[in-house]
Structure formats: structure tokens, C-alpha cells
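This is entry.cif. It holds mmCIF, C-alpha atoms and all ligand atoms.
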```
data_coords
#
loop_
_atom_site.group_PDB
_atom_site.id
_atom_site.type_symbol
_atom_site.label_atom_id
_atom_site.label_comp_id
_atom_site.auth_asym_id
_atom_site.auth_seq_id
_atom_site.Cartn_x
_atom_site.Cartn_y
_atom_site.Cartn_z
ATOM 1 C CA MET A 157 38.900 11.247 -49.384
ATOM 2 C CA ARG A 158 36.067 11.131 -46.925
ATOM 3 C CA ARG A 159 34.012 14.213 -46.142
ATOM 4 C CA LYS A 160 34.012 16.067 -42.826
ATOM 5 C CA ILE A 161 30.397 16.689 -41.821
ATOM 6 C CA VAL A 162 28.609 18.452 -38.986
ATOM 7 C CA ALA A 163 24.860 17.801 -38.976
ATOM 8 C CA GLY A 164 22.351 19.409 -36.609
ATOM 9 C CA ASN A 165 19.422 17.227 -35.606
ATOM 10 C CA TRP A 166 16.737 19.642 -34.433
ATOM 11 C CA LYS A 167 14.429 16.809 -33.319
ATOM 12 C CA MET A 168 10.847 17.907 -32.474
ATOM 13 C CA ASN A 169 11.878 21.505 -31.804
ATOM 14 C CA ASN A 170 11.118 24.807 -33.546
ATOM 15 C CA ASP A 171 7.833 25.824 -35.138
ATOM 16 C CA LEU A 172 7.904 27.762 -38.409
ATOM 17 C CA THR A 173 8.696 31.133 -36.829
ATOM 18 C CA GLU A 174 11.447 29.630 -34.692
ATOM 19 C CA THR A 175 12.834 27.796 -37.709
ATOM 20 C CA GLU A 176 12.984 31.065 -39.652
ATOM 21 C CA GLY A 177 14.745 32.710 -36.699
ATOM 22 C CA LEU A 178 17.342 29.956 -36.275
ATOM 23 C CA ILE A 179 18.092 29.872 -40.009
ATOM 24 C CA THR A 180 18.534 33.654 -40.003
ATOM 25 C CA ASP A 181 20.971 33.330 -37.090
ATOM 26 C CA ILE A 182 22.816 30.469 -38.788
ATOM 27 C CA LYS A 183 23.270 32.547 -41.928
ATOM 28 C CA LYS A 184 24.992 35.239 -39.874
ATOM 29 C CA GLN A 185 27.659 32.860 -38.529
ATOM 30 C CA GLN A 186 31.242 33.011 -39.708
ATOM 31 C CA ARG A 187 32.567 29.826 -41.201
ATOM 32 C CA THR A 188 36.235 28.948 -40.701
ATOM 33 C CA SER A 189 36.095 25.227 -41.476
ATOM 34 C CA ASP A 190 35.324 23.482 -44.722
ATOM 35 C CA ALA A 191 33.114 20.809 -43.143
ATOM 36 C CA GLN A 192 29.859 20.062 -44.916
ATOM 37 C CA VAL A 193 27.087 21.546 -42.739
ATOM 38 C CA MET A 194 23.638 19.969 -42.571
ATOM 39 C CA ILE A 195 20.510 20.732 -40.585
ATOM 40 C CA ALA A 196 17.517 18.468 -39.994
ATOM 41 C CA PRO A 197 14.377 20.445 -39.105
ATOM 42 C CA THR A 198 11.035 18.791 -38.483
ATOM 43 C CA PHE A 199 8.939 17.654 -41.491
ATOM 44 C CA THR A 200 6.621 20.663 -41.532
ATOM 45 C CA ASN A 201 9.539 23.076 -41.896
ATOM 46 C CA LEU A 202 11.612 21.238 -44.494
ATOM 47 C CA TRP A 203 10.201 23.111 -47.476
ATOM 48 C CA HIS A 204 10.763 26.456 -45.816
ATOM 49 C CA ALA A 205 14.301 25.506 -44.747
ATOM 50 C CA TYR A 206 15.098 24.228 -48.237
ATOM 51 C CA GLN A 207 13.891 27.494 -49.793
ATOM 52 C CA ALA A 208 15.788 29.603 -47.276
ATOM 53 C CA LEU A 209 19.063 27.695 -47.699
ATOM 54 C CA ARG A 210 19.070 26.448 -51.271
ATOM 55 C CA LEU A 211 21.608 29.033 -52.408
ATOM 56 C CA SER A 212 23.812 28.450 -49.357
ATOM 57 C CA ASP A 213 26.388 25.793 -48.529
ATOM 58 C CA ILE A 214 24.054 24.211 -45.944
ATOM 59 C CA GLU A 215 22.237 20.995 -46.818
ATOM 60 C CA VAL A 216 18.765 20.409 -45.377
ATOM 61 C CA VAL A 217 17.979 16.780 -44.505
ATOM 62 C CA ALA A 218 15.022 14.947 -42.952
ATOM 63 C CA GLN A 219 15.010 13.239 -39.544
ATOM 64 C CA ASN A 220 13.153 10.147 -40.709
ATOM 65 C CA MET A 221 11.012 8.698 -43.510
ATOM 66 C CA HIS A 222 8.891 5.636 -44.254
ATOM 67 C CA PHE A 223 10.056 2.788 -46.466
ATOM 68 C CA ALA A 224 6.930 2.619 -48.640
ATOM 69 C CA GLU A 225 6.467 4.892 -51.633
ATOM 70 C CA SER A 226 2.857 5.790 -50.766
ATOM 71 C CA GLY A 227 -0.285 4.208 -49.385
ATOM 72 C CA ALA A 228 -2.182 3.529 -46.198
ATOM 73 C CA TYR A 229 0.455 4.560 -43.641
ATOM 74 C CA THR A 230 -1.289 7.287 -41.707
ATOM 75 C CA GLY A 231 1.063 9.953 -40.440
ATOM 76 C CA GLU A 232 4.074 8.832 -42.450
ATOM 77 C CA VAL A 233 6.210 10.571 -45.067
ATOM 78 C CA SER A 234 7.903 8.878 -48.040
ATOM 79 C CA ALA A 235 11.238 9.421 -49.755
ATOM 80 C CA GLY A 236 9.453 10.700 -52.860
ATOM 81 C CA MET A 237 7.610 13.291 -50.779
ATOM 82 C CA LEU A 238 10.899 14.478 -49.276
ATOM 83 C CA LYS A 239 12.496 14.694 -52.704
ATOM 84 C CA SER A 240 9.547 16.756 -53.925
ATOM 85 C CA VAL A 241 10.395 19.471 -51.382
ATOM 86 C CA GLY A 242 14.088 19.523 -52.263
ATOM 87 C CA ILE A 243 15.398 17.103 -49.639
ATOM 88 C CA ASN A 244 18.162 14.734 -50.725
ATOM 89 C CA GLY A 245 19.295 13.272 -47.412
ATOM 90 C CA VAL A 246 17.709 11.577 -44.411
ATOM 91 C CA ILE A 247 18.744 10.525 -40.913
ATOM 92 C CA LEU A 248 17.721 6.908 -40.285
ATOM 93 C CA GLY A 249 17.949 4.739 -37.194
ATOM 94 C CA HIS A 250 18.294 7.455 -34.587
ATOM 95 C CA SER A 251 18.168 5.844 -31.145
ATOM 96 C CA GLU A 252 14.997 7.802 -30.313
ATOM 97 C CA ARG A 253 13.301 6.240 -33.361
ATOM 98 C CA ARG A 254 14.570 2.813 -32.350
ATOM 99 C CA ALA A 255 13.500 3.190 -28.702
ATOM 100 C CA TYR A 256 10.209 5.155 -28.835
ATOM 101 C CA PHE A 257 8.919 4.043 -32.234
ATOM 102 C CA LYS A 258 10.238 0.501 -32.149
ATOM 103 C CA GLU A 259 12.171 0.754 -35.390
ATOM 104 C CA THR A 260 13.984 -2.505 -35.965
ATOM 105 C CA ASP A 261 17.122 -3.241 -37.957
ATOM 106 C CA GLU A 262 14.905 -4.909 -40.578
ATOM 107 C CA MET A 263 12.691 -1.833 -40.965
ATOM 108 C CA LEU A 264 15.781 0.328 -41.189
ATOM 109 C CA ALA A 265 17.255 -1.847 -43.937
ATOM 110 C CA GLU A 266 14.032 -1.268 -45.908
ATOM 111 C CA LYS A 267 14.192 2.463 -45.261
ATOM 112 C CA VAL A 268 17.795 2.558 -46.445
ATOM 113 C CA ASN A 269 16.740 0.811 -49.658
ATOM 114 C CA ALA A 270 13.881 3.256 -50.198
ATOM 115 C CA ALA A 271 16.195 6.225 -49.687
ATOM 116 C CA LEU A 272 18.814 4.920 -52.109
ATOM 117 C CA GLU A 273 16.183 3.994 -54.708
ATOM 118 C CA ASN A 274 15.098 7.625 -54.551
ATOM 119 C CA GLU A 275 18.701 8.843 -54.938
ATOM 120 C CA MET A 276 18.914 10.156 -51.407
ATOM 121 C CA PHE A 277 21.875 9.843 -49.091
ATOM 122 C CA VAL A 278 21.494 8.383 -45.599
ATOM 123 C CA ILE A 279 22.976 9.315 -42.242
ATOM 124 C CA PHE A 280 22.635 5.930 -40.548
ATOM 125 C CA CYS A 281 22.676 6.057 -36.720
ATOM 126 C CA PHE A 282 23.471 3.283 -34.277
ATOM 127 C CA GLY A 283 25.005 2.900 -30.839
ATOM 128 C CA GLU A 284 25.003 0.843 -27.715
ATOM 129 C CA GLU A 285 23.036 1.287 -24.466
ATOM 130 C CA LEU A 286 24.825 1.875 -21.179
ATOM 131 C CA ASP A 287 24.245 -1.748 -20.103
ATOM 132 C CA ASP A 288 25.941 -2.958 -23.278
ATOM 133 C CA ARG A 289 29.007 -0.867 -22.575
ATOM 134 C CA LYS A 290 29.132 -1.910 -18.920
ATOM 135 C CA ALA A 291 28.947 -5.550 -19.987
ATOM 136 C CA GLY A 292 31.698 -5.016 -22.572
ATOM 137 C CA ARG A 293 29.485 -5.933 -25.555
ATOM 138 C CA HIS A 294 29.360 -2.460 -27.151
ATOM 139 C CA GLU A 295 31.370 -3.523 -30.206
ATOM 140 C CA GLN A 296 29.147 -6.573 -30.736
ATOM 141 C CA VAL A 297 25.979 -4.453 -30.558
ATOM 142 C CA VAL A 298 27.288 -1.832 -32.952
ATOM 143 C CA GLU A 299 28.555 -4.438 -35.407
ATOM 144 C CA SER A 300 25.194 -6.170 -35.491
ATOM 145 C CA GLN A 301 23.295 -2.894 -36.032
ATOM 146 C CA ILE A 302 25.560 -2.043 -38.973
ATOM 147 C CA LYS A 303 25.401 -5.554 -40.447
ATOM 148 C CA ASN A 304 21.634 -5.864 -40.144
ATOM 149 C CA GLY A 305 20.880 -2.381 -41.432
ATOM 150 C CA LEU A 306 23.466 -1.984 -44.161
ATOM 151 C CA PHE A 307 25.379 -5.104 -45.135
ATOM 152 C CA HIS A 308 22.915 -6.038 -47.860
ATOM 153 C CA LEU A 309 24.231 -3.038 -49.834
ATOM 154 C CA GLN A 310 26.711 -3.311 -52.692
ATOM 155 C CA ALA A 311 30.094 -1.619 -52.190
ATOM 156 C CA SER A 312 29.161 0.926 -54.884
ATOM 157 C CA GLN A 313 26.154 2.075 -52.819
ATOM 158 C CA TRP A 314 28.285 3.085 -49.837
ATOM 159 C CA LYS A 315 29.074 6.468 -51.357
ATOM 160 C CA HIS A 316 25.500 7.386 -50.347
ATOM 161 C CA ILE A 317 25.949 6.306 -46.711
ATOM 162 C CA VAL A 318 27.269 8.344 -43.772
ATOM 163 C CA LEU A 319 27.545 6.534 -40.440
ATOM 164 C CA ALA A 320 26.767 8.157 -37.086
ATOM 165 C CA TYR A 321 27.977 6.386 -33.969
ATOM 166 C CA GLU A 322 25.803 7.619 -31.114
ATOM 167 C CA PRO A 323 26.175 5.801 -27.799
ATOM 168 C CA VAL A 324 22.662 5.964 -26.354
ATOM 169 C CA TRP A 325 23.998 6.805 -22.890
ATOM 170 C CA ALA A 326 25.554 9.989 -24.280
ATOM 171 C CA ILE A 327 22.555 11.383 -26.175
ATOM 172 C CA GLY A 328 21.005 14.400 -24.482
ATOM 173 C CA THR A 329 22.512 13.368 -21.150
ATOM 174 C CA GLY A 330 25.434 15.777 -20.976
ATOM 175 C CA GLU A 331 27.674 12.728 -20.707
ATOM 176 C CA THR A 332 30.012 12.385 -23.681
ATOM 177 C CA ALA A 333 32.075 9.413 -24.776
ATOM 178 C CA SER A 334 35.698 10.292 -24.161
ATOM 179 C CA PRO A 335 37.634 11.144 -27.320
ATOM 180 C CA GLU A 336 39.461 7.831 -26.848
ATOM 181 C CA GLN A 337 36.214 5.854 -26.557
ATOM 182 C CA ALA A 338 34.934 7.543 -29.727
ATOM 183 C CA GLN A 339 38.179 6.896 -31.599
ATOM 184 C CA ASP A 340 38.311 3.249 -30.499
ATOM 185 C CA MET A 341 34.759 2.615 -31.682
ATOM 186 C CA HIS A 342 35.214 4.496 -34.967
ATOM 187 C CA ALA A 343 38.402 2.539 -35.712
ATOM 188 C CA PHE A 344 36.516 -0.678 -34.918
ATOM 189 C CA ILE A 345 33.675 0.325 -37.276
ATOM 190 C CA ARG A 346 36.153 1.053 -40.055
ATOM 191 C CA GLN A 347 37.662 -2.385 -39.480
ATOM 192 C CA VAL A 348 34.204 -3.994 -39.752
ATOM 193 C CA LEU A 349 33.662 -2.156 -43.057
ATOM 194 C CA GLU A 350 37.062 -3.162 -44.349
ATOM 195 C CA THR A 351 36.468 -6.839 -43.583
ATOM 196 C CA LYS A 352 33.209 -6.849 -45.498
ATOM 197 C CA TYR A 353 33.855 -4.343 -48.312
ATOM 198 C CA GLY A 354 37.603 -3.714 -48.487
ATOM 199 C CA ASN A 355 39.804 -0.740 -47.894
ATOM 200 C CA ALA A 356 38.211 1.777 -50.270
ATOM 201 C CA VAL A 357 34.755 1.662 -48.644
ATOM 202 C CA ALA A 358 36.283 1.686 -45.148
ATOM 203 C CA GLU A 359 38.496 4.669 -45.874
ATOM 204 C CA ASN A 360 35.936 6.699 -47.817
ATOM 205 C CA THR A 361 32.952 6.358 -45.462
ATOM 206 C CA SER A 362 32.478 9.290 -43.093
ATOM 207 C CA ILE A 363 31.793 8.230 -39.514
ATOM 208 C CA LEU A 364 30.270 10.941 -37.326
ATOM 209 C CA TYR A 365 30.176 10.916 -33.544
ATOM 210 C CA GLY A 366 26.990 11.995 -31.736
ATOM 211 C CA GLY A 367 26.230 12.370 -28.037
ATOM 212 C CA SER A 368 26.408 15.633 -26.090
ATOM 213 C CA VAL A 369 28.914 17.302 -28.407
ATOM 214 C CA LYS A 370 29.299 20.933 -27.327
ATOM 215 C CA PRO A 371 31.614 23.813 -28.227
ATOM 216 C CA ALA A 372 33.747 22.879 -25.189
ATOM 217 C CA ASN A 373 34.448 19.280 -26.212
ATOM 218 C CA ALA A 374 34.076 19.292 -30.013
ATOM 219 C CA GLU A 375 37.663 20.072 -30.925
ATOM 220 C CA GLU A 376 39.121 17.220 -28.896
ATOM 221 C CA ILE A 377 36.625 14.688 -30.236
ATOM 222 C CA PHE A 378 37.047 15.859 -33.845
ATOM 223 C CA SER A 379 40.834 15.709 -33.561
ATOM 224 C CA LYS A 380 40.690 11.916 -33.496
ATOM 225 C CA PRO A 381 41.701 10.402 -36.836
ATOM 226 C CA ASP A 382 38.621 8.217 -37.383
ATOM 227 C CA VAL A 383 36.084 10.823 -36.261
ATOM 228 C CA ASP A 384 34.882 12.649 -39.365
ATOM 229 C CA GLY A 385 32.516 15.093 -37.710
ATOM 230 C CA GLY A 386 29.429 15.072 -35.547
ATOM 231 C CA LEU A 387 25.694 14.642 -35.345
ATOM 232 C CA ILE A 388 24.622 17.354 -32.946
ATOM 233 C CA GLY A 389 21.336 17.518 -31.004
ATOM 234 C CA GLY A 390 20.889 20.086 -28.237
ATOM 235 C CA ALA A 391 23.811 22.298 -29.231
ATOM 236 C CA ALA A 392 22.473 22.604 -32.790
ATOM 237 C CA LEU A 393 19.543 24.687 -31.526
ATOM 238 C CA LYS A 394 21.729 27.761 -30.923
ATOM 239 C CA ALA A 395 23.439 29.121 -34.013
ATOM 240 C CA GLU A 396 26.546 30.320 -32.136
ATOM 241 C CA ASP A 397 27.066 26.962 -30.431
ATOM 242 C CA PHE A 398 26.400 25.031 -33.612
ATOM 243 C CA TYR A 399 28.933 27.069 -35.572
ATOM 244 C CA ALA A 400 31.474 26.855 -32.770
ATOM 245 C CA ILE A 401 31.188 23.083 -33.281
ATOM 246 C CA VAL A 402 31.301 23.390 -37.090
ATOM 247 C CA ASN A 403 34.439 25.499 -36.781
ATOM 248 C CA ALA A 404 36.045 23.062 -34.350
ATOM 249 C CA ILE A 405 36.803 20.708 -37.259
HETATM 250 C C1 LIG B 1 21.326 13.387 -31.247
HETATM 251 O O1 LIG B 1 20.160 13.477 -30.968
HETATM 252 O O2 LIG B 1 21.673 12.833 -32.300
HETATM 253 C C2 LIG B 1 22.307 13.919 -30.307
HETATM 254 C C3 LIG B 1 23.565 13.608 -30.480
HETATM 255 O O3 LIG B 1 21.829 14.701 -29.284
HETATM 256 P P1 LIG B 1 22.702 15.526 -28.221
HETATM 257 O O4 LIG B 1 23.797 16.238 -28.990
HETATM 258 O O5 LIG B 1 21.749 16.477 -27.590
HETATM 259 O O6 LIG B 1 23.263 14.542 -27.259
#
```
Using C-alpha cells, write down the structure that the file contains.
Amino acid sequence: MRRKIVAGNWKMNNDLTETEGLITDIKKQQRTSDAQVMIAPTFTNLWHAYQALRLSDIEVVAQNMHFAESGAYTGEVSAGMLKSVGINGVILGHSERRAYFKETDEMLAEKVNAALENEMFVIFCFGEELDDRKAGRHEQVVESQIKNGLFHLQASQWKHIVLAYEPVWAIGTGETASPEQAQDMHAFIRQVLETKYGNAVAENTSILYGGSVKPANAEEIFSKPDVDGGLIGGAALKAEDFYAIVNAI
């Protein structure tokens, strides 16, 4: 059975004091769903967040990492470094990393390998641009991102992979894919997985939707059978909103 997950991507928001405040607020929230909750603070606050939440049911994950173990990569952080501060999961391939930092499918495949070699799980993001959707090639784009980033893996490694479909036109824009658009794409992704790896991998891989999920639209999106939760940006920065989304599952 695949897991239901709601993960908050805090992006480059919240200094240490703000991180402490948001975690305190999160701890006060009432939980009525059994979804796995994750938060992804910025690198400098991961150790603090891990310490503050290690006895809770909230998993702290990183927003990115480098593929090398160590060396002359100024400004980068490795999987081993993340593990050393208690972090066992990482978001890879977010569209902001792809667009602003020119991360390619090939680099992402290497990052995925580095994460798995370090016994970390990966939330692997992908999604089409508005032009792709308008031109009707959104499925093609998504399929190629998944193939190039992940199809070198063995079926047995897929238990460490969570997928996050995030149409770029819906991220931080207030515009959300309709629940039907999300369902159609998630069903397509599951089909792509089934063709390559068979039914067990397709059925057991969680596929999250991301792109302007809010308390007002979460329930409808999450009610779709192939949507296993969400990757949440803006709405994850307010504990009440984030937990309204968590509880919408
Ligand atoms: C994201 O950054 O992954 C995201 C989905 O952002 P937002 O919810 O703000 O659209």
C-alpha cells in the first residue's frame, strides 16, 4: 500500500528564529489524518529542525543536495553531510532548481544515485511548462523527465522514491491544475511506471501533486484516486494552513 504524504517545501524562507516559531506552531496543530508529514527547511536550519522534531511524527527533509560525496564544490552540501545532521530524505529536481540553477536530468540522475547510496529517500519533482501544456505535449515532457532521472534504477530501489508532479505553471502562481488534470497526469505516470517496472512498483509509488495547493482546494485534489498527497510551497509557511491541508487527506 502506498503512503499518503504531505510535504512542506519552505524554500528560501525562515531564518533560525522564524524556523523555531513555525515549528512551535506546527507542534500545536491537531492532526486528524494519518498522512506522513514532512517539512523541508533551508540547509542552515535542518539540524535545529531535526532536533526539535525528532521525537515527533514529522520527518525533516532537505530541499536539495549535491551528487558528489565531498570535494571542491564551493557552496554545496552532500548526502553524507545531510545524514550527519539526521536528515534521511531530500527533494530533488524542483522546477526552481531546474530553471534557476540549470539542473539537468543527467545531474538529477546522479543526485538520485548519491541519495540512494547514502540510504536516503528522494522526493523527485518534475512537471511541464505552460507552453508544453498548451501544445499538448505535457505527457511527453513528464515521461521524459521521469525516464531520464529515474529509469536507470532497479525496481527494488523504487521503495525509496516518491514522485511529485508539479506543473510549473501552477507553482506559486495561485493557479492550480484542476483535480481532473492532476488525476489524468497521475494516472498517466502510474501507467509509465507500470510499463517499465510492472504493477507492484506502479501501485506502491506515492505520487504527490504540487502547485498552489491551499486549504480551499486540497480536499478535492486529494480525493482523486491517483493523488497520494501534496508538495506544498506557500501554504506550508503558516502552520494552520499547512495542517488544514494535511487534514484534508
Ligand atoms: C512548490 O514549490 O513545490 C510548490 C508547490 O509551491 P506552491 O505551493 O507555492 O505553488
Which residues fall under the PyMOL selection byres (((chain A and resi 158) around 10) and not hetatm) in this file, as a PyMOL selection string?
chain A and resi 157+159-161+315+318+357-363+384
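Closest to ligand LIG 1 (chain B) among A:Leu306, A:Val383, A:Met221, A:Ala196 is A:Ala196, based on only C-alpha atoms and all ligand atoms.
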Identify the residues around (28.2, -1.0, -52.5) within a radius of 12 Å, measuring from all atoms listed in the file in the coordinates stated by the file, and give them as a VMD selection string.
chain A and resid 269 272 306 to 317 349 352 to 354 356 to 358 360 to 361
Would you name the residues within 8 Å of ligand LIG 1 (chain B), counting all atoms listed in the file, and put them as number ranges by chain?
A: 164-167, 250-252, 322, 326-330, 332, 365-370, 386-392
I need the chosen residues saved as a short mmCIF file (atom, residue, chain, number, x, y, z; two decimals), in the frame of the given file, with C-alpha atoms.
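Printed below is selection03.cif as written:
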```cif
data_model
loop_
_atom_site.label_atom_id
_atom_site.label_comp_id
_atom_site.auth_asym_id
_atom_site.auth_seq_id
_atom_site.Cartn_x
_atom_site.Cartn_y
_atom_site.Cartn_z
CA GLY A 164 22.35 19.41 -36.61
CA ASN A 165 19.42 17.23 -35.61
CA TRP A 166 16.74 19.64 -34.43
CA LYS A 167 14.43 16.81 -33.32
CA HIS A 250 18.29 7.46 -34.59
CA SER A 251 18.17 5.84 -31.14
CA GLU A 252 15.00 7.80 -30.31
CA GLU A 322 25.80 7.62 -31.11
CA ALA A 326 25.55 9.99 -24.28
CA ILE A 327 22.56 11.38 -26.18
CA GLY A 328 21.00 14.40 -24.48
CA THR A 329 22.51 13.37 -21.15
CA GLY A 330 25.43 15.78 -20.98
CA THR A 332 30.01 12.38 -23.68
CA TYR A 365 30.18 10.92 -33.54
CA GLY A 366 26.99 12.00 -31.74
CA GLY A 367 26.23 12.37 -28.04
CA SER A 368 26.41 15.63 -26.09
CA VAL A 369 28.91 17.30 -28.41
CA LYS A 370 29.30 20.93 -27.33
CA GLY A 386 29.43 15.07 -35.55
CA LEU A 387 25.69 14.64 -35.34
CA ILE A 388 24.62 17.35 -32.95
CA GLY A 389 21.34 17.52 -31.00
CA GLY A 390 20.89 20.09 -28.24
CA ALA A 391 23.81 22.30 -29.23
CA ALA A 392 22.47 22.60 -32.79
#
```
Can you list, as a PDB file with C-alpha atoms, keeping the file's coordinate frame, the residues that the PyMOL selection byres (((chain A and resi 378) around 12) and not hetatm) selects here?
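What ended up in selection_16.pdb:
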```
ATOM      1  CA  LYS A 160      34.012  16.067 -42.826  1.00  0.00           C
ATOM      2  CA  ILE A 161      30.397  16.689 -41.821  1.00  0.00           C
ATOM      3  CA  VAL A 162      28.609  18.452 -38.986  1.00  0.00           C
ATOM      4  CA  ALA A 191      33.114  20.809 -43.143  1.00  0.00           C
ATOM      5  CA  SER A 334      35.698  10.292 -24.161  1.00  0.00           C
ATOM      6  CA  PRO A 335      37.634  11.144 -27.320  1.00  0.00           C
ATOM      7  CA  GLU A 336      39.461   7.831 -26.848  1.00  0.00           C
ATOM      8  CA  ALA A 338      34.934   7.543 -29.727  1.00  0.00           C
ATOM      9  CA  GLN A 339      38.179   6.896 -31.599  1.00  0.00           C
ATOM     10  CA  HIS A 342      35.214   4.496 -34.967  1.00  0.00           C
ATOM     11  CA  ILE A 363      31.793   8.230 -39.514  1.00  0.00           C
ATOM     12  CA  LEU A 364      30.270  10.941 -37.326  1.00  0.00           C
ATOM     13  CA  TYR A 365      30.176  10.916 -33.544  1.00  0.00           C
ATOM     14  CA  GLY A 366      26.990  11.995 -31.736  1.00  0.00           C
ATOM     15  CA  VAL A 369      28.914  17.302 -28.407  1.00  0.00           C
ATOM     16  CA  LYS A 370      29.299  20.933 -27.327  1.00  0.00           C
ATOM     17  CA  PRO A 371      31.614  23.813 -28.227  1.00  0.00           C
ATOM     18  CA  ALA A 372      33.747  22.879 -25.189  1.00  0.00           C
ATOM     19  CA  ASN A 373      34.448  19.280 -26.212  1.00  0.00           C
ATOM     20  CA  ALA A 374      34.076  19.292 -30.013  1.00  0.00           C
ATOM     21  CA  GLU A 375      37.663  20.072 -30.925  1.00  0.00           C
ATOM     22  CA  GLU A 376      39.121  17.220 -28.896  1.00  0.00           C
ATOM     23  CA  ILE A 377      36.625  14.688 -30.236  1.00  0.00           C
ATOM     24  CA  SER A 379      40.834  15.709 -33.561  1.00  0.00           C
ATOM     25  CA  LYS A 380      40.690  11.916 -33.496  1.00  0.00           C
ATOM     26  CA  PRO A 381      41.701  10.402 -36.836  1.00  0.00           C
ATOM     27  CA  ASP A 382      38.621   8.217 -37.383  1.00  0.00           C
ATOM     28  CA  VAL A 383      36.084  10.823 -36.261  1.00  0.00           C
ATOM     29  CA  ASP A 384      34.882  12.649 -39.365  1.00  0.00           C
ATOM     30  CA  GLY A 385      32.516  15.093 -37.710  1.00  0.00           C
ATOM     31  CA  GLY A 386      29.429  15.072 -35.547  1.00  0.00           C
ATOM     32  CA  LEU A 387      25.694  14.642 -35.345  1.00  0.00           C
ATOM     33  CA  ILE A 401      31.188  23.083 -33.281  1.00  0.00           C
ATOM     34  CA  VAL A 402      31.301  23.390 -37.090  1.00  0.00           C
ATOM     35  CA  ASN A 403      34.439  25.499 -36.781  1.00  0.00           C
ATOM     36  CA  ALA A 404      36.045  23.062 -34.350  1.00  0.00           C
ATOM     37  CA  ILE A 405      36.803  20.708 -37.259  1.00  0.00           C
TER      38      ILE A 405
END
```
What is the distance between atom CA of A:Gly242 and atom CA of A:Trp203, in Å to one decimal?
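That distance, rounded to one decimal, is 7.1 Å.
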Under the rule that only C-alpha atoms are counted, which of A:Asp181, A:Glu284, A:Glu215, A:Glu331 is the nearest residue to A:Ser300?
A:Glu284
Show me, as a list in words, the residues that have an atom within 12 Å of A:Ile182 when counting all atoms listed in the file, minus same-chain residues fewer than 6 positions from it.
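So, after excluding close chain neighbours, the residues are Gly164, Thr175, Glu176, Val193, Met194, Ile195, Ala205, Ala208, Leu209, Ser212, Asp213, Ile214, Ala392, Leu393, Lys394, Ala395, Glu396, Asp397, Phe398, Tyr399, Ala400 and Val402 of chain A.
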Any chance you could model N, CA and C atoms for stretch 277-289 of chain A and send them as a short mmCIF file (atom, residue, chain, number, x, y, z; two decimals), in the coordinates of the input?
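Generated file (out.cif):
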```cif
data_model
loop_
_atom_site.label_atom_id
_atom_site.label_comp_id
_atom_site.auth_asym_id
_atom_site.auth_seq_id
_atom_site.Cartn_x
_atom_site.Cartn_y
_atom_site.Cartn_z
N PHE A 277 20.83 10.40 -49.93
CA PHE A 277 21.88 9.84 -49.09
C PHE A 277 21.33 9.65 -47.68
N VAL A 278 21.99 8.78 -46.92
CA VAL A 278 21.49 8.38 -45.60
C VAL A 278 22.55 8.66 -44.54
N ILE A 279 22.13 9.27 -43.44
CA ILE A 279 22.98 9.32 -42.24
C ILE A 279 22.42 8.22 -41.33
N PHE A 280 23.15 7.11 -41.25
CA PHE A 280 22.64 5.93 -40.55
C PHE A 280 23.19 5.90 -39.12
N CYS A 281 22.27 5.96 -38.13
CA CYS A 281 22.68 6.06 -36.72
C CYS A 281 22.59 4.69 -36.02
N PHE A 282 23.46 4.50 -35.09
CA PHE A 282 23.47 3.28 -34.28
C PHE A 282 24.31 3.58 -33.04
N GLY A 283 24.20 2.70 -32.04
CA GLY A 283 25.00 2.90 -30.84
C GLY A 283 24.49 2.03 -29.72
N GLU A 284 25.36 1.76 -28.78
CA GLU A 284 25.00 0.84 -27.72
C GLU A 284 24.34 1.56 -26.53
N GLU A 285 23.61 0.79 -25.73
CA GLU A 285 23.04 1.29 -24.47
C GLU A 285 24.12 1.21 -23.39
N LEU A 286 23.84 1.88 -22.27
CA LEU A 286 24.82 1.88 -21.18
C LEU A 286 25.13 0.46 -20.68
N ASP A 287 24.06 -0.36 -20.57
CA ASP A 287 24.24 -1.75 -20.10
C ASP A 287 25.19 -2.53 -21.01
N ASP A 288 25.07 -2.27 -22.32
CA ASP A 288 25.94 -2.96 -23.28
C ASP A 288 27.40 -2.58 -23.03
N ARG A 289 27.62 -1.30 -22.79
CA ARG A 289 29.01 -0.87 -22.58
C ARG A 289 29.54 -1.44 -21.26
#
```
